[in-house]
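Enquirer: query12.txt (compact mmCIF, C-alpha atoms) pasted underneath:
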# COMPACT_ATOMS: atom_id res chain seq x y z
CA MET B 1 -47.57 11.31 76.75
CA LYS B 2 -50.49 11.79 79.05
CA LYS B 3 -50.66 15.22 80.58
CA ASN B 4 -49.08 14.84 83.96
CA ILE B 5 -50.92 17.53 85.82
CA CYS B 6 -53.04 15.06 87.57
CA LEU B 7 -54.92 17.00 90.14
CA VAL B 8 -55.95 15.71 92.79
CA MET B 9 -59.63 15.88 92.04
CA ILE B 10 -58.95 14.95 88.59
CA CYS B 11 -60.42 16.87 85.76
CA LEU B 12 -61.73 13.77 84.01
CA LEU B 13 -64.28 12.97 86.70
CA ALA B 14 -67.59 14.28 85.39
CA VAL B 15 -69.33 14.19 88.76
CA SER B 16 -72.15 16.37 89.96
CA CYS B 17 -72.35 17.52 93.56
CA ASN B 18 -74.52 15.49 95.88
CA PRO B 19 -76.31 17.21 98.77
CA PHE B 20 -74.37 17.45 102.02
CA GLN B 21 -74.54 14.09 103.72
CA LYS B 22 -75.91 14.08 107.28
CA LYS B 23 -73.38 11.42 108.31
CA GLY B 24 -70.81 14.19 108.47
CA ILE B 25 -70.81 17.22 110.76
CA GLU B 26 -72.96 20.16 109.67
CA ALA B 27 -71.08 23.31 108.77
CA PRO B 28 -71.58 26.09 111.37
CA GLN B 29 -72.55 29.55 110.15
CA TRP B 30 -69.15 31.07 110.90
CA LEU B 31 -67.53 28.58 108.51
CA GLU B 32 -69.96 29.03 105.62
CA GLY B 33 -68.75 30.23 102.23
CA ASP B 34 -65.83 29.53 99.90
CA TRP B 35 -62.31 28.81 101.14
CA SER B 36 -59.63 28.62 98.44
CA GLY B 37 -55.91 28.19 97.93
CA VAL B 38 -53.27 26.67 95.67
CA ILE B 39 -51.87 23.20 96.34
CA GLU B 40 -48.12 23.61 96.77
CA GLY B 41 -46.04 21.34 94.56
CA VAL B 42 -48.99 20.86 92.22
CA GLY B 43 -49.81 24.47 91.37
CA LEU B 44 -53.55 23.96 91.08
CA ALA B 45 -56.25 25.97 92.80
CA PHE B 46 -58.47 24.08 95.23
CA SER B 47 -61.65 25.31 96.91
CA ILE B 48 -64.02 24.01 99.56
CA HIS B 49 -67.52 25.40 99.90
CA PHE B 50 -69.16 25.05 103.32
CA GLY B 51 -72.92 25.51 103.69
CA GLU B 52 -76.11 23.50 103.25
CA GLU B 53 -74.09 21.67 100.63
CA CYS B 54 -70.39 21.09 101.20
CA TYR B 55 -68.28 20.39 98.16
CA ALA B 56 -64.77 20.70 96.77
CA THR B 57 -63.80 21.94 93.34
CA SER B 58 -60.78 23.17 91.41
CA PRO B 59 -61.24 26.56 89.73
CA ASP B 60 -58.44 25.51 87.36
CA GLN B 61 -60.35 22.46 86.16
CA GLY B 62 -63.87 23.67 85.51
CA ASP B 63 -66.99 23.45 87.63
CA ILE B 64 -66.85 19.80 88.69
CA LYS B 65 -68.09 19.55 92.30
CA LEU B 66 -67.23 16.70 94.63
CA ASN B 67 -69.07 15.95 97.85
CA VAL B 68 -67.20 16.86 101.06
CA LYS B 69 -67.76 15.37 104.53
CA ILE B 70 -66.64 17.20 107.65
CA LYS B 71 -65.11 14.48 109.82
CA SER B 72 -64.06 16.61 112.80
CA LEU B 73 -64.40 20.29 113.68
CA THR B 74 -63.49 22.56 116.59
CA ASP B 75 -62.88 26.28 116.72
CA LYS B 76 -59.20 25.51 116.05
CA LYS B 77 -59.05 22.40 113.87
CA ILE B 78 -60.92 20.94 110.91
CA LYS B 79 -60.68 17.68 109.00
CA VAL B 80 -62.67 16.92 105.87
CA ARG B 81 -62.82 14.06 103.39
CA VAL B 82 -63.53 14.01 99.65
CA PRO B 83 -64.60 10.35 99.43
CA LEU B 84 -64.99 10.00 95.68
CA VAL B 85 -61.31 10.76 95.00
CA MET B 86 -59.92 9.31 98.23
CA ALA B 87 -58.67 12.70 99.40
CA SER B 88 -58.70 14.60 102.67
CA TYR B 89 -57.78 17.98 104.08
CA GLU B 90 -56.76 18.79 107.64
CA GLY B 91 -55.92 22.25 108.93
CA THR B 92 -55.65 24.78 111.71
CA ILE B 93 -58.32 27.49 111.61
CA HIS B 94 -57.40 31.16 111.92
CA GLU B 95 -59.75 34.13 111.55
CA ASP B 96 -59.83 34.26 107.77
CA SER B 97 -57.54 31.41 106.81
CA ILE B 98 -56.92 27.71 107.32
CA GLU B 99 -53.34 26.46 107.36
CA GLY B 100 -53.17 22.80 106.49
CA GLN B 101 -52.34 19.83 104.32
CA PHE B 102 -54.06 18.13 101.39
CA SER B 103 -53.67 14.35 101.18
CA GLN B 104 -54.53 11.93 98.42
CA MET B 105 -53.54 8.31 97.82
CA GLY B 106 -50.58 8.49 100.18
CA LYS B 107 -49.23 11.83 98.97
CA LYS B 108 -49.36 15.01 101.03
CA PHE B 109 -49.13 18.64 99.89
CA PRO B 110 -49.26 21.91 101.84
CA LEU B 111 -52.49 23.81 101.18
CA ASN B 112 -53.42 27.06 102.89
CA LEU B 113 -56.98 28.28 102.35
CA GLN B 114 -58.24 31.87 102.43
CA ARG B 115 -61.83 33.07 102.42
CA GLY B 116 -63.01 33.72 98.89
CA TRP B 117 -62.25 32.40 95.43
CA VAL B 118 -59.00 31.95 93.50
CA GLU B 119 -59.35 34.01 90.36
CA ARG B 120 -57.26 33.07 87.34
CA LYS B 121 -56.72 35.65 84.62
CA ARG B 122 -56.53 34.47 81.02
CA PRO B 123 -56.17 37.72 79.06
CA GLN B 124 -55.49 36.03 75.70
CA ASN B 125 -58.73 34.03 75.58
CA PRO B 126 -60.62 35.44 72.57
CA GLN B 127 -63.71 37.50 73.29
CA PRO B 128 -66.46 38.35 70.77
CA PRO B 129 -67.29 40.11 68.58
CA PHE B 130 -64.81 38.57 66.14
CA PRO B 131 -63.70 40.13 62.82
CA TYR B 132 -64.14 36.76 61.10
CA GLN B 133 -66.77 34.05 60.71
CA THR B 134 -67.10 30.89 62.78
CA LYS B 135 -69.21 27.87 61.90
CA GLU B 136 -70.09 24.82 63.97
CA VAL B 137 -69.41 21.73 61.84
CA VAL B 138 -69.32 17.94 62.13
CA PHE B 139 -67.41 15.33 60.16
CA GLU B 140 -67.26 11.55 60.24
CA SER B 141 -64.34 9.37 61.30
CA GLY B 142 -65.14 5.68 61.15
CA ASP B 143 -68.28 5.03 63.15
CA HIS B 144 -68.19 8.21 65.21
CA THR B 145 -68.80 11.91 64.59
CA LEU B 146 -66.38 14.70 65.44
CA ALA B 147 -67.72 18.16 66.21
CA GLY B 148 -65.69 21.30 65.74
CA THR B 149 -65.41 24.99 64.94
CA LEU B 150 -64.41 26.27 61.51
CA SER B 151 -62.94 29.79 61.60
CA LEU B 152 -63.04 31.66 58.29
CA PRO B 153 -61.35 35.03 57.65
CA ASP B 154 -63.55 37.64 56.01
CA GLY B 155 -62.90 38.86 52.49
CA ILE B 156 -60.46 36.11 51.47
CA GLU B 157 -61.43 33.57 48.84
CA ASN B 158 -60.06 30.07 49.43
CA PRO B 159 -57.62 30.90 52.25
CA PRO B 160 -55.09 28.37 53.53
CA VAL B 161 -56.56 26.28 56.34
CA VAL B 162 -55.07 24.35 59.24
CA LEU B 163 -56.44 21.45 61.23
CA PHE B 164 -55.60 21.54 64.95
CA VAL B 165 -54.62 18.24 66.59
CA SER B 166 -54.47 18.24 70.38
CA GLY B 167 -52.01 16.78 72.84
CA SER B 168 -52.45 13.59 74.82
CA GLY B 169 -55.36 13.02 77.12
CA PRO B 170 -59.01 13.83 76.37
CA GLN B 171 -59.18 17.36 74.98
CA ASN B 172 -61.91 19.64 73.73
CA ARG B 173 -61.56 21.67 70.57
CA ASP B 174 -59.76 24.52 72.36
CA GLU B 175 -57.27 22.09 73.97
CA GLU B 176 -58.51 23.62 77.20
CA LEU B 177 -56.30 23.11 80.22
CA LEU B 178 -56.38 24.98 83.54
CA GLY B 179 -58.47 27.76 82.03
CA HIS B 180 -56.05 28.17 79.12
CA LYS B 181 -57.46 27.69 75.61
CA PRO B 182 -54.38 27.59 73.36
CA PHE B 183 -56.12 26.39 70.19
CA ALA B 184 -58.75 29.11 70.51
CA VAL B 185 -55.98 31.70 70.94
CA ILE B 186 -54.03 30.43 67.92
CA ALA B 187 -57.15 30.10 65.73
CA ASP B 188 -58.15 33.66 66.58
CA ALA B 189 -54.71 35.00 65.65
CA LEU B 190 -54.66 33.02 62.39
CA ALA B 191 -58.13 34.16 61.31
CA ARG B 192 -57.21 37.79 61.88
CA GLU B 193 -54.30 37.28 59.46
CA GLY B 194 -56.24 35.51 56.70
CA ILE B 195 -55.72 31.86 57.68
CA ALA B 196 -58.71 29.56 58.25
CA SER B 197 -58.74 26.73 60.78
CA LEU B 198 -60.71 23.77 62.06
CA ARG B 199 -60.45 22.66 65.67
CA TYR B 200 -62.49 19.73 66.97
CA ASP B 201 -63.38 17.89 70.16
CA ASP B 202 -61.55 14.58 70.61
CA ARG B 203 -63.67 11.48 70.10
CA GLY B 204 -66.01 10.96 73.05
CA ILE B 205 -65.32 14.44 74.42
CA ALA B 206 -67.77 17.40 74.58
CA GLU B 207 -69.89 17.23 71.41
CA SER B 208 -67.99 14.43 69.63
CA THR B 209 -69.11 10.82 69.80
CA GLY B 210 -66.99 7.72 70.32
CA ASP B 211 -64.91 6.23 73.12
CA PHE B 212 -61.69 8.08 73.90
CA SER B 213 -60.55 5.49 76.43
CA ALA B 214 -60.40 2.85 73.67
CA ALA B 215 -58.19 4.95 71.37
CA THR B 216 -54.47 4.68 70.61
CA THR B 217 -52.34 7.36 68.99
CA ALA B 218 -53.02 5.66 65.64
CA ASP B 219 -56.78 5.95 66.19
CA LEU B 220 -56.41 9.64 66.96
CA ALA B 221 -54.33 10.00 63.79
CA ASP B 222 -57.23 8.41 61.88
CA ASP B 223 -59.51 11.10 63.30
CA ALA B 224 -57.11 13.84 62.19
CA ALA B 225 -56.84 12.28 58.73
CA ALA B 226 -60.64 12.40 58.53
CA GLY B 227 -60.44 16.10 59.35
CA ILE B 228 -57.96 16.69 56.53
CA HIS B 229 -60.24 14.80 54.13
CA TYR B 230 -63.20 16.88 55.26
CA LEU B 231 -61.36 20.16 54.62
CA TYR B 232 -60.38 19.05 51.11
CA GLU B 233 -64.01 18.11 50.47
CA LEU B 234 -65.04 21.63 51.49
CA GLY B 235 -62.87 22.93 48.65
CA PHE B 236 -59.75 24.20 50.42
CA ASN B 237 -56.65 23.94 48.22
CA LYS B 238 -53.98 24.21 50.92
CA VAL B 239 -54.60 22.16 54.06
CA GLY B 240 -52.07 22.07 56.86
CA VAL B 241 -51.89 20.59 60.35
CA VAL B 242 -50.98 22.36 63.58
CA GLY B 243 -50.36 19.72 66.22
CA HIS B 244 -49.33 20.14 69.84
CA SER B 245 -47.38 17.53 71.85
CA GLU B 246 -48.88 14.14 70.87
CA GLY B 247 -50.75 16.11 68.19
CA GLY B 248 -47.38 17.26 66.84
CA THR B 249 -46.31 13.64 66.59
CA ILE B 250 -49.57 12.84 64.81
CA ALA B 251 -48.76 15.63 62.36
CA PHE B 252 -45.46 13.85 61.57
CA LEU B 253 -47.28 10.55 61.06
CA LEU B 254 -49.87 12.09 58.75
CA ALA B 255 -47.16 13.72 56.66
CA GLY B 256 -44.75 10.78 56.43
CA ASP B 257 -46.23 7.43 57.41
CA PRO B 258 -47.64 5.37 54.50
CA LEU B 259 -50.64 4.39 56.65
CA TRP B 260 -52.06 7.87 56.09
CA ALA B 261 -50.85 8.44 52.53
CA ASN B 262 -54.39 9.09 51.26
CA ASN B 263 -54.86 12.19 53.42
CA ARG B 264 -51.53 13.97 53.37
CA PRO B 265 -51.36 17.59 54.62
CA ASP B 266 -49.71 20.23 52.44
CA PHE B 267 -47.65 21.50 55.39
CA ILE B 268 -47.35 20.88 59.11
CA VAL B 269 -46.54 22.88 62.23
CA SER B 270 -45.37 20.70 65.10
CA LEU B 271 -45.59 22.37 68.51
CA ALA B 272 -43.38 20.31 70.82
CA GLY B 273 -44.05 17.14 68.86
CA MET B 274 -42.27 13.97 70.00
CA ALA B 275 -39.65 12.67 67.57
CA GLU B 276 -38.04 9.93 69.68
CA ARG B 277 -39.70 6.74 70.92
CA GLY B 278 -42.51 7.09 73.41
CA ASP B 279 -40.77 5.16 76.17
CA SER B 280 -37.62 7.26 75.77
CA THR B 281 -39.71 10.44 75.90
CA LEU B 282 -41.38 9.31 79.12
CA VAL B 283 -38.05 8.39 80.72
CA HIS B 284 -36.42 11.71 79.81
CA GLN B 285 -39.50 13.65 80.92
CA SER B 286 -39.78 11.87 84.25
CA ARG B 287 -36.07 12.16 85.07
CA LEU B 288 -35.93 15.88 84.37
CA GLN B 289 -39.09 16.71 86.30
CA LEU B 290 -38.00 14.65 89.29
CA GLN B 291 -34.59 16.35 89.27
CA LEU B 292 -36.13 19.81 89.11
CA THR B 293 -38.45 19.04 92.01
CA GLY B 294 -35.55 17.96 94.21
CA VAL B 295 -36.12 14.21 94.33
CA PRO B 296 -32.95 12.42 95.56
CA LYS B 297 -30.93 10.82 92.75
CA ALA B 298 -31.12 7.43 94.41
CA ALA B 299 -34.92 7.45 94.15
CA ILE B 300 -35.27 8.73 90.59
CA GLY B 301 -34.55 5.43 88.84
CA LEU B 302 -37.19 3.53 90.79
CA MET B 303 -39.75 6.30 90.28
CA VAL B 304 -39.12 6.35 86.53
CA LYS B 305 -39.61 2.57 86.35
CA SER B 306 -42.84 2.96 88.28
CA THR B 307 -44.06 5.58 85.80
CA LEU B 308 -43.34 3.25 82.88
CA LYS B 309 -45.22 0.41 84.57
CA LYS B 310 -48.23 2.63 85.26
CA THR B 311 -48.28 3.86 81.66
CA LYS B 312 -48.27 0.27 80.35
CA LYS B 313 -51.43 -0.33 82.34
CA VAL B 314 -53.30 2.49 80.56
CA LYS B 315 -54.60 0.23 77.80
CA PRO B 316 -54.77 0.43 74.87
CA TRP B 317 -53.10 3.85 74.69
CA GLY B 318 -50.12 3.25 77.00
CA PRO B 319 -48.47 0.20 75.39
CA TYR B 320 -48.96 1.66 71.91
CA PHE B 321 -47.47 5.01 72.92
CA LEU B 322 -44.45 3.50 74.64
CA ASN B 323 -43.55 1.57 71.47
CA LEU B 324 -44.32 4.40 69.06
CA ASP B 325 -41.29 5.53 67.06
CA PRO B 326 -42.10 8.37 64.65
CA SER B 327 -38.54 8.72 63.33
CA THR B 328 -39.14 6.75 60.13
CA ALA B 329 -42.19 8.86 59.29
CA ILE B 330 -40.28 12.08 59.98
CA ALA B 331 -37.43 11.08 57.67
CA ALA B 332 -39.94 10.37 54.86
CA ILE B 333 -41.78 13.72 55.01
CA GLN B 334 -41.88 15.66 51.73
CA CYS B 335 -44.04 18.66 52.67
CA PRO B 336 -42.81 21.85 54.42
CA VAL B 337 -42.37 21.42 58.20
CA LEU B 338 -42.12 23.98 60.97
CA ALA B 339 -41.03 22.31 64.23
CA LEU B 340 -41.00 24.41 67.40
CA ASN B 341 -39.92 23.67 70.97
CA GLY B 342 -39.61 25.60 74.21
CA GLY B 343 -36.16 25.58 75.77
CA LYS B 344 -37.70 24.93 79.19
CA ASP B 345 -40.05 22.20 78.02
CA THR B 346 -39.94 19.41 80.62
CA GLN B 347 -42.37 17.13 78.79
CA VAL B 348 -41.00 16.92 75.24
CA ILE B 349 -37.41 17.91 75.88
CA PRO B 350 -35.83 19.78 72.93
CA GLU B 351 -32.36 18.23 73.03
CA TYR B 352 -33.90 14.81 72.47
CA ASN B 353 -36.58 15.87 70.01
CA LEU B 354 -35.82 19.08 68.14
CA GLU B 355 -32.24 17.92 67.55
CA LEU B 356 -33.49 14.57 66.27
CA ILE B 357 -35.87 16.30 63.85
CA ARG B 358 -32.94 18.29 62.48
CA GLN B 359 -31.00 15.09 61.88
CA LEU B 360 -33.87 13.16 60.34
CA LEU B 361 -35.27 16.00 58.23
CA PRO B 362 -32.65 18.67 57.44
CA ALA B 363 -35.17 20.57 55.28
CA ALA B 364 -37.41 21.23 58.27
CA ASP B 365 -37.54 24.73 59.76
CA THR B 366 -36.72 24.08 63.43
CA ARG B 367 -36.85 26.81 66.08
CA LEU B 368 -36.05 26.84 69.78
CA TYR B 369 -37.53 29.41 72.18
CA PRO B 370 -35.25 29.42 75.24
CA ASP B 371 -37.66 30.82 77.83
CA LEU B 372 -40.81 28.88 76.96
CA ASN B 373 -42.35 25.72 78.45
CA HIS B 374 -44.31 22.86 76.91
CA LEU B 375 -47.39 25.07 76.50
CA PHE B 376 -45.25 27.83 74.92
CA GLN B 377 -45.65 30.11 77.92
CA HIS B 378 -42.85 32.28 79.28
CA CYS B 379 -41.86 30.60 82.54
CA ASP B 380 -39.28 30.11 85.26
CA THR B 381 -38.81 26.35 85.64
CA GLY B 382 -40.91 24.79 82.88
CA LEU B 383 -42.54 22.41 85.35
CA PRO B 384 -46.24 21.61 84.79
CA THR B 385 -46.96 22.94 88.29
CA GLN B 386 -46.53 26.45 86.85
CA TYR B 387 -49.03 26.12 84.00
CA ALA B 388 -52.04 27.25 86.02
CA THR B 389 -50.35 30.23 87.67
CA ILE B 390 -49.02 31.75 84.42
CA GLU B 391 -51.53 34.19 82.91
CA GLU B 392 -50.10 33.96 79.40
CA THR B 393 -51.63 31.20 77.30
CA PHE B 394 -49.36 31.28 74.25
CA ALA B 395 -46.27 33.39 73.55
CA PRO B 396 -47.02 36.21 71.06
CA GLU B 397 -43.68 35.80 69.27
CA VAL B 398 -44.50 32.17 68.48
CA LEU B 399 -47.91 33.19 67.16
CA ALA B 400 -46.23 35.73 64.89
CA ASP B 401 -43.72 33.16 63.63
CA ILE B 402 -46.43 30.59 62.86
CA ILE B 403 -48.48 33.15 60.93
CA ALA B 404 -45.50 34.41 58.92
CA TRP B 405 -44.37 30.86 58.12
CA ILE B 406 -47.81 29.75 56.89
CA GLN B 407 -48.28 32.91 54.85
CA ALA B 408 -44.92 32.30 53.18
CA ARG B 409 -46.04 28.87 52.05
Let me see the file written as structure tokens.
Expert:
Amino acid sequence: MKKNICLVMICLLAVSCNPFQKKGIEAPQWLEGDWSGVIEGVGLAFSIHFGEECYATSPDQGDIKLNVKIKSLTDKKIKVRVPLVMASYEGTIHEDSIEGQFSQMGKKFPLNLQRGWVERKRPQNPQPPFPYQTKEVVFESGDHTLAGTLSLPDGIENPPVVLFVSGSGPQNRDEELLGHKPFAVIADALAREGIASLRYDDRGIAESTGDFSAATTADLADDAAAGIHYLYELGFNKVGVVGHSEGGTIAFLLAGDPLWANNRPDFIVSLAGMAERGDSTLVHQSRLQLQLTGVPKAAIGLMVKSTLKKTKKVKPWGPYFLNLDPSTAIAAIQCPVLALNGGKDTQVIPEYNLELIRQLLPAADTRLYPDLNHLFQHCDTGLPTQYATIEETFAPEVLADIIAWIQAR
């Protein structure tokens, strides 16, 4: 399913900042600088810079800058608009803070701004120098080229190798989200323990060519199959797949669906991969998240139906995903499978997915981590609104289990 942390500004908008428009009110000197806070109920950092240029950005979603217009300003009140994303902010000014509300497309969220910048710590993100080699590579999939990073442990001849397959939505090779780089973290841990890996940018993203918006899950599986083929061509004898979320489902398809029989992996690791139908997954996900956020029971049914309707409109991906049923592929898998799920996952819920994998494929090694969310972070609620505020990118005990399992193969 599409990642449902939809800020607000929206990370997919590759927009550069335009100069401050004179149609708005010029920022006075006492207001100049960065004002930042976290949008309540969304969990994402939001900043407004006032000066010769006025712009909004989200420190959690990169350096995209969106033009801001000051619509009204006194020494007590301020109202600004972010026209490109149909958003606004209105607040009461104090000495070093602004207490207010962020609004976008009919929804309102409390947002209190402080002078300065919201700093997110990501202590697990790998930092050079690395005790292993990395190579920038490209491989072909149909009529487009996929760019990636091959990590090779030193001193090991023909190590096992894994291909990373990212979750839904356009992802770069690190599966970067809110400053977290889970695939980079996992690849680093694997390389230090003698396991090679290839992670790549989705088609049309970063350095890869193609059109992501025109792709279904099957198209993305074709790209992953091309990656497996490429690794075999490089001479690796044992090629596995580590897939997260939709990537975990793709791992099941590659291993068991006859459509991809020519590029089978030797083993797969599914990180919160969907086993039930796509529409059922979306219904279960939406219901649980709405319940946890306190939405009245009477409203949940209508909101879930609305979510399904909106997903159907995301063509071609949405209709294909809603009808996707990986259960037949899972039941046909012959290679070793490690299937993992967080007990507090509110996106791919374990009781509907991990349990189904156990029924369909009794030989699979299935493991539940009670205190982890969909990103395999230790958490409180498991809601996506916590992803940005948690410093941990990927639970160390899961890293250790993945490494031990692959080494045992």
Enquirer: Provide the CA of Ala339 (chain B) to CA of Ala364 (chain B) distance in Å, to one decimal place.
Expert: 7.1 Å
Enquirer: Could you check which of B:Lys69, B:Asp96, B:Arg199, B:Gln133 is closest to Lys181 (chain B), using all atoms listed in the file?
Expert: B:Arg199
Enquirer: I'd like to know which of B:Asn323, B:Thr217, B:Gln359, B:Ser208 is closest to Asn172 (chain B), using only C-alpha atoms.
Expert: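 Of B:Asn323, B:Thr217, B:Gln359, B:Ser208, the one nearest Asn172 (chain B), counting only C-alpha atoms, is B:Ser208.
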Enquirer: Report as a VMD selection string all protein, DNA and RNA residues lying within 10 Å of Leu368 (chain B), evaluated on all atoms listed in the file, omitting residues in the same chain fewer than 5 positions from it.
Expert: chain B and resid 272 339 to 344 350 to 351 354 to 355
Enquirer: Kindly save the residues from that selection, with C-alpha atoms included, as an mmCIF file, in the frame of the given file.
Expert:
data_model
loop_
_atom_site.group_PDB
_atom_site.id
_atom_site.type_symbol
_atom_site.label_atom_id
_atom_site.label_comp_id
_atom_site.auth_asym_id
_atom_site.auth_seq_id
_atom_site.Cartn_x
_atom_site.Cartn_y
_atom_site.Cartn_z
ATOM 1 C CA ALA B 272 -43.380 20.310 70.820
ATOM 2 C CA ALA B 339 -41.030 22.310 64.230
ATOM 3 C CA LEU B 340 -41.000 24.410 67.400
ATOM 4 C CA ASN B 341 -39.920 23.670 70.970
ATOM 5 C CA GLY B 342 -39.610 25.600 74.210
ATOM 6 C CA GLY B 343 -36.160 25.580 75.770
ATOM 7 C CA LYS B 344 -37.700 24.930 79.190
ATOM 8 C CA PRO B 350 -35.830 19.780 72.930
ATOM 9 C CA GLU B 351 -32.360 18.230 73.030
ATOM 10 C CA LEU B 354 -35.820 19.080 68.140
ATOM 11 C CA GLU B 355 -32.240 17.920 67.550
#
Enquirer: Pick out the closest residue to Phe164 (chain B) from this set: B:Leu31, B:Ile228, B:Leu113, B:Ile349. Count only C-alpha atoms.
Expert: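 Going through B:Leu31, B:Ile228, B:Leu113, B:Ile349 one by one, the smallest distance to Phe164 (chain B) is for B:Ile228.
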Enquirer: Measure the distance from CA of Lys305 (chain B) to CA of Thr293 (chain B) in Å and round it to one decimal.
Expert: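 Distance between the two atoms: 17.5 Å.
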Enquirer: List as number ranges by chain the protein and nucleic acid residues near region 127-131 of chain B, meaning an atom at most 10 Å away when all atoms listed in the file are counted, but skip any in the same chain fewer than 3 places from it.
Expert: B: 123-124, 134, 152-154, 185, 188, 191-192
Enquirer: Please, which residues are within 7 Å of (-52.8, 13.1, 61.1) by the file's coordinates, counting only C-alpha atoms, and could they come as a list in words?
Expert: Ala221, Asp222, Ala224, Ala225, Ile250, Ala251, Leu253 and Leu254 of chain B
